[in-house]
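Structure first, commentary second.
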Amino acid sequence: MTLPEVGEEGQARLRGASVLVVGAGGLGSPAIMYLAGAGVGALTVVDPDVAETGNLHRQPIHAGRVGWNKAESARAFVQALDPGVSVTALPRPLTPANAAGLVARADVVLDCADSFAASYVLSDACLAAVVPLVSASALGLSGYCGGFCGGAPSLRAVFPDLPDRAANCATAGVLGPVVGMLGTAQAQMALALLLRLEPSPLGQLLTLNPGLRWSGFRFDGAPEPEGGFRFIDAGEIRPGDFVLELRGTDEAPVSIHPSALRADPAAPPLPPRGTRAVLACRSGLRAWRAARLLAPTHPEIVLIAAGDH
């Protein structure tokens with residue numbers, strides 16, 4: 001409260017704020033810790049996963065609670081830190097079906113999910129609701145953190161397409177302090193938005209490069225891309241949809257839908273004219289690749305990221 005940029009008015013603003021944090025892992029751990037420490041009044045934490053011993057080097061808020069759901073563990077951590085902060089723990093995944101409702105109740109949304117499908121779903125929901133989104137990603141010794149939506153361009157405006165291959169922390173590893181720095185940067189951006197500090201972090205991308213080199217740029221004027229592939233839930237599959245299951249039987253013994261056809265994402269069959277194509281895989285990456293192959297001749301394509309379960 002002694003900071004001239006905060007004071008009593010700013011502290012009251014933080015106390016009355018509600019922040020949605022999707023993911024309580026390596027990015028979410030420092031973000032939740034510093035948002036609660038700053039006195040943000042209400043946090044909603046969404047995470048279906050369970051804390052494991054191998055997480056603790058980069059997710060220290062779960063120390064002593066291995067085996068707990070991460071959202072519930074985060075609530076216990078915050079209650080011990082400051083019982084005055086209200087925490088709603090949601091031990092379930094973010095989905096295209098629940099994203100809009102969760103976003104609508106938040107002043108700022110933090111994307112800490114380490115999932116590009118979740119990032120695009122959150123960006124689409126935040127863009128529609130004009131709610132600020134602070135999204136970050138960390139891998140190896142590098143990563144980024146940016147402020148999107150809320151009147152600024154969306155994540156799709158900066159990242160309109162995906163690479164042919166995408167790794168994550170589980171497959172490629174990450175050094176704990178790297179993900180910690182980026183999660184802390186998310187908390188700082190969120191606090192700057194809640195305190196209405198200038199210049200706004202919306203429209204700004206920070207990048208952390210190997211060797212602890214920070215750089216970045218502003219993207220205030222970036223245009224929203226035309227088209228793009230939208231994610232839906234399996235429950236949104238309609239009668240008459242042309243559904244392709246891009247997972248093998250070893251990965252998914254039961255297809256995403258009874259009408260789904262098993263297909264190779266590198267050579268998907270052409271959908272019948274006039275149908276909506278629904279492409280499903282675990283993370284959404286194979287579905288995105290297959291959608292790029294079909295898009296020149298088939299205009300209506302949606303994706304499903306089925307997850308690990």
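By order of appearance in the structure tokens: chains A, B, ..., then residues from 1 within every chain, and ligands from 1 in the order shown.
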
Quiz item: Could you name the residues that touch stretch 202-210 of chain A at 9 Å or less, counting only C-alpha atoms, but leaving out those on the same chain fewer than 6 positions away, as a ChimeraX atom specification?
Solution: /A:132-134,138,140-154,178,181-182,185,189,193,216-222

Quiz prompt | Contacts of stretch 282-291 of chain A within 6 Å, only C-alpha atoms, excl. fewer than 2 positions in-chain, as a list in words | solution =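 Near neighbours after the sequence-gap exclusion: Pro265, Leu279, Ala280, Leu293, Leu294, Ala295, Ala305, Ala306 and Gly307 of chain A.
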
Practice problem: Check stretch 139-254 of chain A with DSSP on the backbone and list each residue it calls strand (DSSP E or B), as JSON, numbers by chain. | Solution: {"A": [139, 140, 142, 143, 144, 145, 146, 147, 148, 149, 150, 152, 174, 202, 204, 205, 206, 207, 208, 209, 213, 214, 215, 216, 217, 218, 230, 231, 242, 243, 244, 245]}

Write to file, as a compact mmCIF listing (two decimals), in the first residue's frame, the residues of the selection just made, with N, CA and C atoms.
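In the end it all went to result-v8.txt:
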```
# COMPACT_ATOMS: atom_id res chain seq x y z
N LEU A 139 9.02 -24.05 -22.07
CA LEU A 139 9.55 -25.33 -22.54
C LEU A 139 11.07 -25.25 -22.54
N GLY A 140 11.70 -26.23 -21.94
CA GLY A 140 13.15 -26.24 -21.92
C GLY A 140 13.71 -25.06 -21.14
N SER A 142 13.20 -21.77 -22.34
CA SER A 142 12.62 -20.57 -22.93
C SER A 142 11.11 -20.60 -22.81
N GLY A 143 10.49 -19.51 -23.23
CA GLY A 143 9.03 -19.42 -23.20
C GLY A 143 8.58 -18.00 -23.47
N TYR A 144 7.26 -17.78 -23.33
CA TYR A 144 6.71 -16.44 -23.55
C TYR A 144 5.57 -16.19 -22.58
N CYS A 145 5.21 -14.91 -22.46
CA CYS A 145 4.07 -14.49 -21.66
C CYS A 145 3.49 -13.27 -22.35
N GLY A 146 2.16 -13.25 -22.55
CA GLY A 146 1.56 -12.12 -23.27
C GLY A 146 0.19 -11.78 -22.75
N GLY A 147 -0.23 -10.54 -23.06
CA GLY A 147 -1.56 -10.06 -22.69
C GLY A 147 -2.44 -9.95 -23.92
N PHE A 148 -3.55 -10.69 -23.94
CA PHE A 148 -4.40 -10.79 -25.11
C PHE A 148 -5.84 -10.42 -24.75
N CYS A 149 -6.65 -10.18 -25.80
CA CYS A 149 -8.10 -9.95 -25.66
C CYS A 149 -8.37 -8.74 -24.77
N GLY A 150 -9.56 -8.64 -24.22
CA GLY A 150 -9.90 -7.49 -23.40
C GLY A 150 -9.80 -6.17 -24.14
N ALA A 152 -7.65 -5.96 -26.79
CA ALA A 152 -6.43 -6.16 -27.57
C ALA A 152 -6.62 -7.34 -28.51
N VAL A 174 11.51 -29.10 -18.74
CA VAL A 174 11.60 -27.66 -18.51
C VAL A 174 12.40 -27.45 -17.23
N LEU A 202 -1.72 -5.51 -22.04
CA LEU A 202 -2.48 -6.04 -23.16
C LEU A 202 -1.83 -5.57 -24.46
N GLN A 204 1.04 -6.88 -25.45
CA GLN A 204 2.48 -7.01 -25.25
C GLN A 204 2.85 -8.48 -25.12
N LEU A 205 3.92 -8.90 -25.79
CA LEU A 205 4.44 -10.26 -25.66
C LEU A 205 5.87 -10.19 -25.15
N LEU A 206 6.13 -10.88 -24.03
CA LEU A 206 7.48 -11.02 -23.49
C LEU A 206 8.00 -12.40 -23.86
N THR A 207 9.26 -12.47 -24.25
CA THR A 207 9.86 -13.77 -24.55
C THR A 207 11.11 -13.94 -23.69
N LEU A 208 11.25 -15.13 -23.15
CA LEU A 208 12.44 -15.50 -22.38
C LEU A 208 13.22 -16.51 -23.20
N ASN A 209 14.45 -16.15 -23.55
CA ASN A 209 15.29 -16.97 -24.40
C ASN A 209 16.37 -17.65 -23.57
N ARG A 213 17.86 -14.22 -21.51
CA ARG A 213 17.72 -13.01 -22.32
C ARG A 213 16.23 -12.74 -22.53
N TRP A 214 15.76 -11.61 -21.99
CA TRP A 214 14.37 -11.20 -22.17
C TRP A 214 14.26 -10.30 -23.40
N SER A 215 13.23 -10.51 -24.16
CA SER A 215 12.93 -9.61 -25.28
C SER A 215 11.42 -9.58 -25.43
N GLY A 216 10.95 -9.00 -26.53
CA GLY A 216 9.50 -8.95 -26.73
C GLY A 216 9.10 -7.88 -27.72
N PHE A 217 7.81 -7.74 -27.89
CA PHE A 217 7.30 -6.75 -28.83
C PHE A 217 5.84 -6.48 -28.50
N ARG A 218 5.32 -5.40 -29.07
CA ARG A 218 3.90 -5.08 -28.94
C ARG A 218 3.18 -5.49 -30.23
N ARG A 230 -11.97 -24.06 -34.79
CA ARG A 230 -12.56 -23.92 -33.46
C ARG A 230 -12.63 -25.29 -32.80
N PHE A 231 -12.43 -25.30 -31.47
CA PHE A 231 -12.55 -26.53 -30.70
C PHE A 231 -13.96 -26.67 -30.13
N PHE A 242 -19.51 -35.40 -40.12
CA PHE A 242 -18.53 -36.37 -40.61
C PHE A 242 -17.40 -36.40 -39.59
N VAL A 243 -17.34 -37.44 -38.77
CA VAL A 243 -16.44 -37.50 -37.62
C VAL A 243 -15.26 -38.41 -37.93
N LEU A 244 -14.05 -37.88 -37.75
CA LEU A 244 -12.84 -38.66 -37.94
C LEU A 244 -12.13 -38.83 -36.60
N GLU A 245 -11.87 -40.06 -36.23
CA GLU A 245 -11.09 -40.38 -35.04
C GLU A 245 -9.65 -40.60 -35.48
```

Quiz item: For A:Ala24, which of A:Ala106, A:Asn98, A:Asp111, A:Pro4 is the closest residue, counting only C-alpha atoms?
Solution: A:Asp111

Quiz item: Between atom CA of A:Ala36 and atom CA of A:Arg75, what is the spacing in Å?
Solution: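 It comes out at 10.2 Å.
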
Practice problem: Might you pull out every residue within 6 Å of stretch 114-128 of chain A, with only C-alpha atoms counted and same-chain residues fewer than 3 positions away left off, and present them as a VMD selection string? | Solution: chain A and resid 100 131 149 155

Please save C-alpha atoms of the selected residues as a short mmCIF file (atom, residue, chain, number, x, y, z; two decimals), in the first residue's frame.
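That gives us result.cif:
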```
data_model
loop_
_atom_site.label_atom_id
_atom_site.label_comp_id
_atom_site.auth_asym_id
_atom_site.auth_seq_id
_atom_site.Cartn_x
_atom_site.Cartn_y
_atom_site.Cartn_z
CA ALA A 100 -17.57 -19.08 -21.58
CA VAL A 131 -12.08 -10.15 -20.86
CA CYS A 149 -8.10 -9.95 -25.66
CA LEU A 155 -3.92 -15.20 -29.15
#
```

Quiz item: Between A:Val40, A:Leu261, A:Leu162, A:Ala234, which has the minimum distance to A:Val78 (counting only C-alpha atoms)?
Solution: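 Of all the options, A:Val40 lies closest to A:Val78.
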
Quiz item: Pick the closest to A:Glu72 from A:Pro93, A:Gly84, A:Gly54, A:Pro48: which is it, counting only C-alpha atoms?
Solution: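 Of A:Pro93, A:Gly84, A:Gly54, A:Pro48, the one nearest A:Glu72, counting only C-alpha atoms, is A:Pro48.
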
Quiz prompt | d(atom CA of A:Leu270, atom CA of A:Glu251) in Å | solution =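 Atom CA of A:Glu251 lies 23.4 Å from atom CA of A:Leu270.
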
Exercise. Pick out each residue of stretch 125-163 of chain A that DSSP on the backbone tags as alpha helix (DSSP H); I need them as number ranges by chain.
Key: A: 125-129, 155-158

Quiz prompt | Using only C-alpha atoms: which of A:Gln59, A:Glu226, A:Cys281, A:Ser259 has the shortest distance to A:Pro299 | solution =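 Nearest to A:Pro299: A:Glu226.
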
Exercise. Quick one: pull the distance between atom CA of A:Val66 and atom CA of A:Leu81, Å, one decimal.
Key: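 About the pair atom CA of A:Val66 and atom CA of A:Leu81: they are 18.6 Å apart.
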
Practice problem: Would you please work out which residue, of A:Ala38, A:Ala113, A:Val108, A:Ile301, is nearest to A:Leu94 when using only C-alpha atoms? | Solution: A:Ala113

Practice problem: May I have the residues within 10 Å of A:Gly16 as a list in words, using only C-alpha atoms and disregarding those fewer than 6 positions away in the same chain? | Solution: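 That gives Gly10, Gly39, Val40, Gly41, Ala42, Asp107 and Leu194 of chain A.
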
Exercise. Tell me, as a list of chain:residue names, which residues lie within 6 Å of A:Asp47, counting only C-alpha atoms; anything in the same chain fewer than 6 positions away does not count.
Key: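 Surrounding residues, per the criterion: A:Gly23, A:Ala71, A:Pro91, A:Arg92, A:Pro93.
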
Any chance you could export the current selection's N, CA and C atoms as a compact mmCIF listing (two decimals), in the first residue's frame?
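The result, written out as again-v8.txt:
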```
# COMPACT_ATOMS: atom_id res chain seq x y z
N GLY A 23 -5.13 -24.05 -14.71
CA GLY A 23 -3.88 -24.78 -14.57
C GLY A 23 -3.16 -24.38 -13.29
N ALA A 71 -6.05 -28.38 -8.05
CA ALA A 71 -6.89 -27.24 -7.72
C ALA A 71 -7.20 -27.23 -6.22
N PRO A 91 -11.93 -29.18 -9.78
CA PRO A 91 -11.08 -30.30 -10.20
C PRO A 91 -11.58 -30.97 -11.47
N ARG A 92 -11.71 -30.20 -12.52
CA ARG A 92 -12.18 -30.74 -13.80
C ARG A 92 -11.50 -29.96 -14.92
N PRO A 93 -11.49 -30.48 -16.11
CA PRO A 93 -10.80 -29.78 -17.20
C PRO A 93 -11.58 -28.58 -17.70
```
